[in-house]
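*Asks:* Dropping a structure here in structure tokens format, bear with me for questions.
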Amino acid sequence: MSLTVLKPGLLSSFQDGGRTGSQHLGVPVCGVMDARAHRLANLLAGNDADPAALEITLSGPTLRFDAPACFAIGGADLQATLNGAEAPRHRPLVARAGDVLAFGSARPEGGLRAYLAVHGGYALVPVMGSASTYLRGRFGGHAGRALAKGDTIGLRAALPGQPAALDRLAQALWQLRIYLPATLAPHPRRHLRVLPGAHWDEFDARARHDLLHAEFRVSTQSDRMGYRLDGPALAMAVPRQILSEATNYGTVQVPAGGQAIVLMADRQTTGGYPKIAQVITADLPALAQRGPGQALRFARVELDQAQQLDGEREDAFAQLQDALAPLRALLSA
Amino acid sequence: MNTPSSASSPPAWRIEPQGDRCLLVRFGDSIDVETGRLCLAAARVLRQAPLPGVTDVVPSFVTVAVHYRPAGSQGPRYPQLAAQVEQLLARGVAADAQAARRVEIPVCYGGEYGPDLDDVARHAGISPEDVVKLHTGADSLVFMLGFAPGAPYLGVHDPRLDIPRRASPRTAVPAGSVAVANRQSVLYPSQSPGGWNIIGATPAVLFDPAGDPPTLLQPGDSVRFVPIGPDEFKRLREAAQ
């Protein structure tokens, strides 16, 4: 039971919810950039847990299923096809042995990361409790790196081998009615909502005003570690040396030049630059789907509201998981 | 700042949110061993406590970060978690009772291993030999691990090692490099950019993702640097691979 990589795509790596629990040892969390799309893909592939999925960036791979499998695609529309026919997102789909799943390219303004989840998950060896690939550190995921041509990736779950049984399963899955809660659908957000960072008060009035009123652009120097933003230079009222301390996904830090950097999934666990703001968790998926050259603006919210939104999304996932019990029943029959 | 009334528990701290999934406990604003030990003791208390949704407790020079995840709209929220943390700390974190692990790290100083040793000596107004003596002559505290997996920040060294970072950082500092600045040392587990002054190199493996534990050092360890020669360095490095 495996997948064979016929073409690797630009940057495809296995990621799960992240390598938590080792940050005090300096080990980056990594994990998916768009947690919402990843979890959605897993639920729709009939997974109860949230195992690693393939995170596909900008231009996708071509993969051959060497055994029958159930899969689902979440996140950006990378124009996937199964044996040449459109493979719709956000549905459980069935692949037969020999089927070829080919991803194309992201559409302008259509997001840049897609997630391919398989029922039962991929056969990856966890490192420090996680299957996430740490590209810079060269460990985790598959061989600690992005997909390469000729890779063979094991699948943990088997589907019925006889064509007739597989046809019945595919038919039953296709007839399932699936409603996605509105909170889980991707919303193109013009404003990313932020909370004040640890050093917000130490930035000068102009910097605080600019952060919330100016337009920024994701620069070409942006990757899974951080997004450098082009925009007005942000300055502290009285510049001073900041002591290294913990950082988070979404921390907006400002090095001496004044160019803001938003820390992303592969960020270092600690940093010594002043922190002007923090993108709220609910808006990280929208940020992760933006690519170089795209514009963004920030808007201030309160912590209580941010945590309410974060919690509501958790609730929506729990409800969707309950509603998808028939899907899991079909796959375990 | 919270100031407990008991005279026997002097520490004061401030709890603040960092975004919607992390809180910071701040114990001070300058690097010193006393504050560092407070952070380490607090981190130990918080790691051992059954705090709902908490995934990581990360000490640094003057703060302890508590990373957490929500468990639905009824799950842990900042005010509740902050109150729990406050309560745990108020029970006392003053004494870092647990004896620190003592780890010896062999270092080959100067030459090709420590290209900045002479600069550091000149800056400090002492001989390169004396820099080595200062670096190896006292135990150093591992305040935190941070800029890379298994990469420690150690200190606080003798005031004569209060050297600024290099004006222009190197793009590639070799793995194993031992570098100093601002009365601290960092060790580079793998090749990376860096602006600290390289005075030597260790053959020790600082990070192995397959290891248990994966890092040679942990926050709170007490480190003694032991001088070795180039032959010993080569022998130990070969043995480690």
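Simple scheme: letters A, B, ... for chains in structure tokens order, numbers from 1 for residues in each chain, numbers from 1 for ligands in the order shown.
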List the neighbours of Pro163 (chain A) out to 10 Å using only C-alpha atoms; skip same-chain residues closer than 3 positions along the sequence, and give me the result as a PyMOL selection string.
*Replies:* chain A and resi 68+96-97+160+166-169
*Asks:* Keeping only C-alpha atoms, write the selected residues as a PDB file, in the first residue's frame.
*Replies:*
ATOM      1  CA  PRO A  68      -6.697   1.458  -3.522  1.00  0.00           C
ATOM      2  CA  ARG A  96      -7.801   2.509  -7.592  1.00  0.00           C
ATOM      3  CA  ALA A  97      -4.401   0.873  -7.904  1.00  0.00           C
ATOM      4  CA  PRO A 160     -11.193  -3.505  -0.391  1.00  0.00           C
ATOM      5  CA  LEU A 166     -14.408  -0.652  -4.375  1.00  0.00           C
ATOM      6  CA  ASP A 167     -17.037   0.620  -6.822  1.00  0.00           C
ATOM      7  CA  ARG A 168     -19.746   0.204  -4.178  1.00  0.00           C
ATOM      8  CA  LEU A 169     -17.636   2.126  -1.648  1.00  0.00           C
TER       9      LEU A 169
END
*Asks:* When the cut-off is 7 Å and we count only C-alpha atoms, which residues of chain B are near chain A, given as a list in words?
*Replies:*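 Those within range of chain A come out as Gln18, Gly19, Asp20, Thr55, Asp56, Val57, Val58, Pro59, Ser60, Thr63, Ala65, Pro70, Ala71, Gly72, Ser73, Arg77, Leu145, Gly146, Phe147, Ala148, Pro149, Gly150, Ala151, Pro209, Ala210, Thr215 and Gln218 of chain B.
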*Asks:* DSSP on the backbone, alpha helix (DSSP H) only: what residues of region 6-152 of chain B does that give? Format it as a ChimeraX atom specification.
*Replies:* /B:33-48,78-90,117-124,128-136
*Asks:* Within 10 Å of Leu154 (chain B), counting only C-alpha atoms, which residues qualify if same-chain residues fewer than 6 places away don't, as a PyMOL selection string?
*Replies:* chain B and resi 33+61+139-145+180+183-187+219-223
*Asks:* Mind checking which residues fall within 7 Å of region 190-195 of chain B, counting only C-alpha atoms, ignoring those fewer than 2 positions away in the same chain, and posting them as a list in words?
*Replies:*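 So, after excluding close chain neighbours, the residues are Arg165, Arg166, Ser168, Pro169, Arg170, Thr171, Ala172, Val173, Pro174, Ala175, Gly176, Tyr188 and Asn197 of chain B.
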*Asks:* So that I can check the surroundings of Leu330 (chain A), please list as a list of chain:residue names every protein, DNA and RNA residue that reaches within 9 Å of it, counting only C-alpha atoms and ignoring chain neighbours fewer than 5 positions away.
*Replies:* A:Gly46, A:Leu169, A:Ala172, A:Leu173, A:Ala325
*Asks:* What's around Glu86 (chain B) at 10 Å? Count only C-alpha atoms, leave out sequence neighbours fewer than 4 positions away in its own chain, and write the answer as a ChimeraX atom specification.
*Replies:* /B:2,13-15,25,80-82,90-91
*Asks:* Pull the strand (DSSP E or B) assignments for region 107-170 of chain B out of DSSP run on the backbone, and list those residues as an MDAnalysis selection string.
*Replies:* chainID B and resid 107:109 140:145 152:155 170
*Asks:* Can you list, as a PDB file with C-alpha atoms, in the first residue's frame, every protein, DNA or RNA residue that comes within 8 Å of Gly104 (chain A) when you count only C-alpha atoms, leaving out same-chain residues fewer than 3 positions away?
*Replies:*
ATOM      1  CA  SER A  59       2.709  23.924  -7.988  1.00  0.00           C
ATOM      2  CA  GLY A  60       1.826  20.363  -7.111  1.00  0.00           C
ATOM      3  CA  PRO A  61       3.164  16.846  -7.565  1.00  0.00           C
ATOM      4  CA  LEU A  78      -4.312  23.555  -7.270  1.00  0.00           C
ATOM      5  CA  GLN A  79      -6.473  22.140 -10.075  1.00  0.00           C
ATOM      6  CA  ALA A  80      -6.063  18.486  -9.102  1.00  0.00           C
TER       7      ALA A  80
END
*Asks:* Which residue out of A:Tyr134, A:Trp174, A:Trp200, A:Phe298 has the minimum interatomic distance to Leu327 (chain A) when only C-alpha atoms are used?
*Replies:*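 Closest to Leu327 (chain A), using only C-alpha atoms: A:Trp174.
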*Asks:* So the first atom is CA of Leu212 (chain A) and the second is CA of Leu192 (chain A); what is the distance between them in Å, to one decimal place?
*Replies:*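 Here the two named atoms are 9.8 Å from each other.
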*Asks:* Suppose you want the space between CA of Leu229 (chain A) and CA of Met264 (chain A); what is it in Å?
*Replies:*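 Separating CA of Leu229 (chain A) from CA of Met264 (chain A) is a distance of 12.5 Å.
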